[in-house]
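Novice: Here you go, one structure.
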Amino acid sequence: MTAQDKPKVFGYLPNEAPPFGQMVLLGFQHILTMFPATVLVALLVGFDVGTVLAVSGLATVTALLLSRFFLGKFIPLYYGSSFSYISATIALTHAEFGVYAGDAVRLAQVGIVATGIANMLVGWLITRIGKDALDTVLPPVITGSVALVIGFTLGGAAVNMAQANWAVSTITFLITVVLSVYLQGAGFLGLLPILLGATAGYLIAIPFGLVDFKPVMDAPWFQIPRFTFPNFASPRAWESVAAIAIIAIATIPESTAHLYQISLYVDKLADDLGKERYHLSQFIGFNLILDGLGDFINGMFGGVAGTNYGENNSLMAITRNYSGPVLVTAGVIAILLGFIGKLAALVHSVPVAVTGGLAVYLFGVVGMQGIALIQSEKVNLFDPKQLSIGALIGIVALGGQIIGNGYIDIKIPGVFPDGLPCIATGAVAGITLNSIFLLVPPEKFGVVTRDNLNL
C-alpha cells in the first residue's frame, strides 16, 4: 500500500487542540458522558448536585493544568463521582435520594479529604520506587481485570436506565454505534458520535412524552452551589476517615487501569499519525497524586469522592480525541453548570432512557478496554498463575455485583456496614494472590511456565 492509498487518520493527541467552536462541542460531549453517573452519585449520597458538578470541573481543570505544567503533556482524564464510595458515604449521611443531607455532608467531606491524602501519598511513593515496582504489584492481569469488572459491573446501572423506555434507549444505542463506526475518518463529525447520538435520542424521546421542559423554564439563570467545608472538629471525624478513605483500595487499581488504557490508545493514535508516542503509563505515580488532589479538592469544597472516569476514556477511545484542551473546556463547562441553573436543568432534562442507551455502549467499552489492555500487554492466559489472578478478581467482583448488589456479605460495623465493596474486594484478593506468587515463585518448585501464543 502506498502512502497515498493509506486511509486518512483523524484524531487529536493530548497536547493538540481543535478550533475553539469544535472544542466547545467536544467538551460538551464529555459533559454528556460524565453527567449521568456524576449526578446520580450526588443524588444517592445527599450532596448538592450543582456543587458536585462545579467541583468535579475544578478538580479536572486543576489536574490537567498541573500535568501539562510539570510533565509538558496533558494526562487526558476527567475526574467525576465514584460509585465505589456510595455505601460508605451513605452510612455517614443517611441520605434519602435527592434530599440534601445538610451537616452530615461536612462529616463525609472529612473522609473524602483523607482519601485524597492517601492517594497522593501512594502516588508519591510510586514516584520514588518507580513504575517497575508498581508493575510487579499491579501487573497487567490485575489492572486489565479490574478495568474489565469496573465496566461490566456497571451493566446493571446501564440496563436499569435503559429499561425506562427500551424503544428510546435501543434507538439511541443503535444510532450512536452506527455513527461511531461509520463516521470514522469523517473529520470533525467522526469525533461527535456520543453528542449526535444523545441529540438524536433526545429528539426521539420528545414524542414519547419523556422530555419535561418545565424544570428548564422554572430554573433560575444564576444559582450559587452549596459550597461547604469539612467538619474536622466533629467527634465522628475519625469514623469518617476509616469508613471512606479505605475505599482507595479500589480506586487506586481503577485509576492505574484507566491510565494504562488511555496510554495504550494514545500511543496507537500517535503511531497512526506518524508522531512521537506520549508514554503516559510511565507517569502512574504522578497520576495517582492528581487523582488524590481531585479527591482533596472535592472534600474541601463539597464534592463527592471520585476517580478518573472510564466512561470518558471510552468516549476518547471511540472518537480518538484525546485532546487535553478539550477536557479543560469540559471542566469549565461543568463549573458553569454548577452556577447556571437553566444550563444544568437542560442537561438534566435528558431522559433516563437516552442516557441508558449511551451507558450500555460506554460502560461496555470500559470493560472491553480492560480486555484490550490484557491483550496488548501479551498476558499469558495459558499460565495457571495468570488465569487464577484474573479469575479471582472477575468472579469476586462480578459475583458480588450479581448477588449482593455490589457488596460481599461480610459486614464490618463502622467501616463496611453494608458489606465489603465487591470491586475493592476483588482487586485486593487479586493483589494478595499475586503477592503470594511473588513470595513463593512456582519456579522454585521446578514449574515451567507454559508457552504463550506468539502474538
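By convention here, the chains of the C-alpha cells are called A, B, ... in the order presented, each chain's residues are numbered starting at 1, and ligands are numbered starting at 1 in the order presented.
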Wanna dump the range 62-160 of chain A-range 380-385 of chain A contacts at 12 Å for me, each residue with its shortest atom pair and the distance in Å to one decimal, counting only C-alpha atoms, ordered by chain and number, as a Markdown table?
Specialist:
| residue | atom | partner | partner_atom | distance |
| --- | --- | --- | --- | --- |
| A:Pro139 | CA | A:Asn380 | CA | 11.7 |
| A:Pro140 | CA | A:Asn380 | CA | 10.3 |
| A:Val141 | CA | A:Asn380 | CA | 8.9 |
| A:Ile142 | CA | A:Lys385 | CA | 11.8 |
Novice: Can those selected residues be exported to a file as a compact mmCIF listing (two decimals), in the first residue's frame so that it contains C-alpha atoms?
Specialist:
# COMPACT_ATOMS: atom_id res chain seq x y z
CA PRO A 139 0.72 -6.38 36.70
CA PRO A 140 -1.47 -6.06 33.58
CA VAL A 141 -3.54 -9.11 34.51
CA ILE A 142 -4.71 -7.19 37.62
Novice: Could you list, with a cut-off of 12 Å and counting only C-alpha atoms, the residues of range 248-320 of chain A near range 107-129 of chain A, each shown with its nearest atom pair and the distance in Å rounded to one decimal, rows sorted by chain and ascending number, as a tab-separated table?
Specialist:
residue	atom	partner	partner_atom	distance
A:Ala248	CA	A:Thr115	CA	6.3
A:Ile249	CA	A:Asn119	CA	9.3
A:Ala250	CA	A:Asn119	CA	11.0
A:Thr251	CA	A:Asn119	CA	8.8
A:Ile252	CA	A:Asn119	CA	7.1
A:Pro253	CA	A:Asn119	CA	10.9
A:Glu254	CA	A:Asn119	CA	11.9
A:Ser255	CA	A:Asn119	CA	10.0
A:Thr256	CA	A:Gly123	CA	10.3
A:Gln282	CA	A:Thr127	CA	9.6
A:Phe283	CA	A:Thr127	CA	8.1
A:Ile284	CA	A:Gly123	CA	7.4
A:Gly285	CA	A:Gly123	CA	4.1
A:Phe286	CA	A:Gly123	CA	5.9
A:Asn287	CA	A:Gly123	CA	7.1
A:Leu288	CA	A:Gly123	CA	4.7
A:Ile289	CA	A:Met120	CA	4.1
A:Leu290	CA	A:Met120	CA	7.2
A:Asp291	CA	A:Asn119	CA	6.8
A:Gly292	CA	A:Gly116	CA	3.8
A:Leu293	CA	A:Gly116	CA	5.7
A:Gly294	CA	A:Gly116	CA	6.9
A:Asp295	CA	A:Gly116	CA	4.5
A:Phe296	CA	A:Val113	CA	4.6
A:Ile297	CA	A:Val113	CA	7.6
A:Asn298	CA	A:Ile112	CA	7.2
A:Gly299	CA	A:Gln109	CA	4.5
A:Met300	CA	A:Val113	CA	6.6
A:Phe301	CA	A:Gln109	CA	8.2
A:Gly302	CA	A:Gln109	CA	6.7
A:Gly303	CA	A:Gln109	CA	7.8
A:Val304	CA	A:Ile112	CA	7.2
A:Ala305	CA	A:Ile112	CA	5.5
A:Gly306	CA	A:Ile112	CA	8.8
A:Thr307	CA	A:Gly116	CA	10.1
Novice: List as a list of chain:residue names the protein and nucleic acid residues near Pro36 in chain A, meaning an atom at most 9 Å away when only C-alpha atoms are counted, but skip any in the same chain fewer than 5 places from it.
Specialist: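 Counting only C-alpha atoms, the residues come to A:Val41, A:His348, A:Val352, A:Thr355, A:Ala359.
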Novice: How would the residues just picked look written out with C-alpha atoms as a PDB file, in the first residue's frame?
Specialist:
ATOM      1  CA  VAL A  41     -23.931   9.604  42.911  1.00  0.00           C
ATOM      2  CA  HIS A 348     -30.656  17.152  33.452  1.00  0.00           C
ATOM      3  CA  VAL A 352     -33.041   8.408  31.602  1.00  0.00           C
ATOM      4  CA  THR A 355     -28.577   8.098  28.974  1.00  0.00           C
ATOM      5  CA  ALA A 359     -24.420   3.892  29.063  1.00  0.00           C
TER       6      ALA A 359
END
Novice: Determine which residues of range 60-296 of chain A DSSP labels as helix (DSSP H, G or I) from the backbone of this structure, then write them out as a VMD selection string.
Specialist: chain A and resid 60 to 71 83 to 93 103 to 129 131 to 137 140 to 153 155 to 162 166 to 182 187 to 191 193 to 205 214 to 218 237 to 245 248 to 273 280 to 296
Novice: For Gln369 in chain A, which residue out of A:Arg320, A:His258, A:Lys444, A:Lys268 is the nearest one, using only C-alpha atoms?
Specialist: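 Result for the nearest residue to Gln369 in chain A: A:His258.
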Novice: Which residues of range 43-92 of chain A sit at most 9 Å from range 224-233 of chain A, using only C-alpha atoms? Give each one's shortest atom pair and distance in Å (one decimal place), in chain and ascending residue order, as a Markdown table.
Specialist:
| residue | atom | partner | partner_atom | distance |
| --- | --- | --- | --- | --- |
| A:Phe47 | CA | A:Arg226 | CA | 8.9 |
| A:Asp48 | CA | A:Arg226 | CA | 6.3 |
| A:Val49 | CA | A:Pro225 | CA | 8.1 |
| A:Gly50 | CA | A:Pro225 | CA | 5.2 |
| A:Thr51 | CA | A:Pro225 | CA | 4.8 |
| A:Val52 | CA | A:Pro225 | CA | 8.6 |
| A:Ala54 | CA | A:Pro225 | CA | 7.9 |
| A:Val55 | CA | A:Phe227 | CA | 8.9 |
Novice: Counting only C-alpha atoms, what is within 10 Å of Phe213 in chain A, bar same-chain residues fewer than 5 positions away, as a PDB file with C-alpha atoms, in the first residue's frame?
Specialist:
ATOM      1  CA  ILE A 206     -39.982  14.064  22.873  1.00  0.00           C
ATOM      2  CA  ASP A 218     -38.567  27.193  36.141  1.00  0.00           C
ATOM      3  CA  ALA A 345     -31.585  21.842  34.087  1.00  0.00           C
ATOM      4  CA  LEU A 346     -31.321  21.421  30.301  1.00  0.00           C
ATOM      5  CA  SER A 349     -33.715  17.021  31.164  1.00  0.00           C
ATOM      6  CA  VAL A 350     -32.044  14.360  29.000  1.00  0.00           C
TER       7      VAL A 350
END
Novice: Identify which of the residues A:Val137, A:Leu315, A:Val105, A:Met34 lies closest to Leu438 in chain A, counting only C-alpha atoms when measuring atom-to-atom distances.
Specialist: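 The shortest atom-to-atom distance to Leu438 in chain A comes from A:Val137.
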Novice: Kindly give the distance, in Å, that separates CA of Asn434 in chain A and CA of Ile244 in chain A, rounded to a single decimal.
Specialist: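 According to the coordinates, CA of Asn434 in chain A and CA of Ile244 in chain A are separated by 25.5 Å.
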Novice: Select, from A:Tyr309, A:Val241, A:Arg236, A:Ala158, the residue with the minimum atom-to-atom distance to Ile262 in chain A, counting only C-alpha atoms.
Specialist: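 Result for the nearest residue to Ile262 in chain A: A:Tyr309.
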Novice: Find the distance between CA of Tyr202 in chain A and CA of Thr60 in chain A and write it in Å to one decimal.
Specialist: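 We find that CA of Tyr202 in chain A and CA of Thr60 in chain A lie 27.0 Å from each other.
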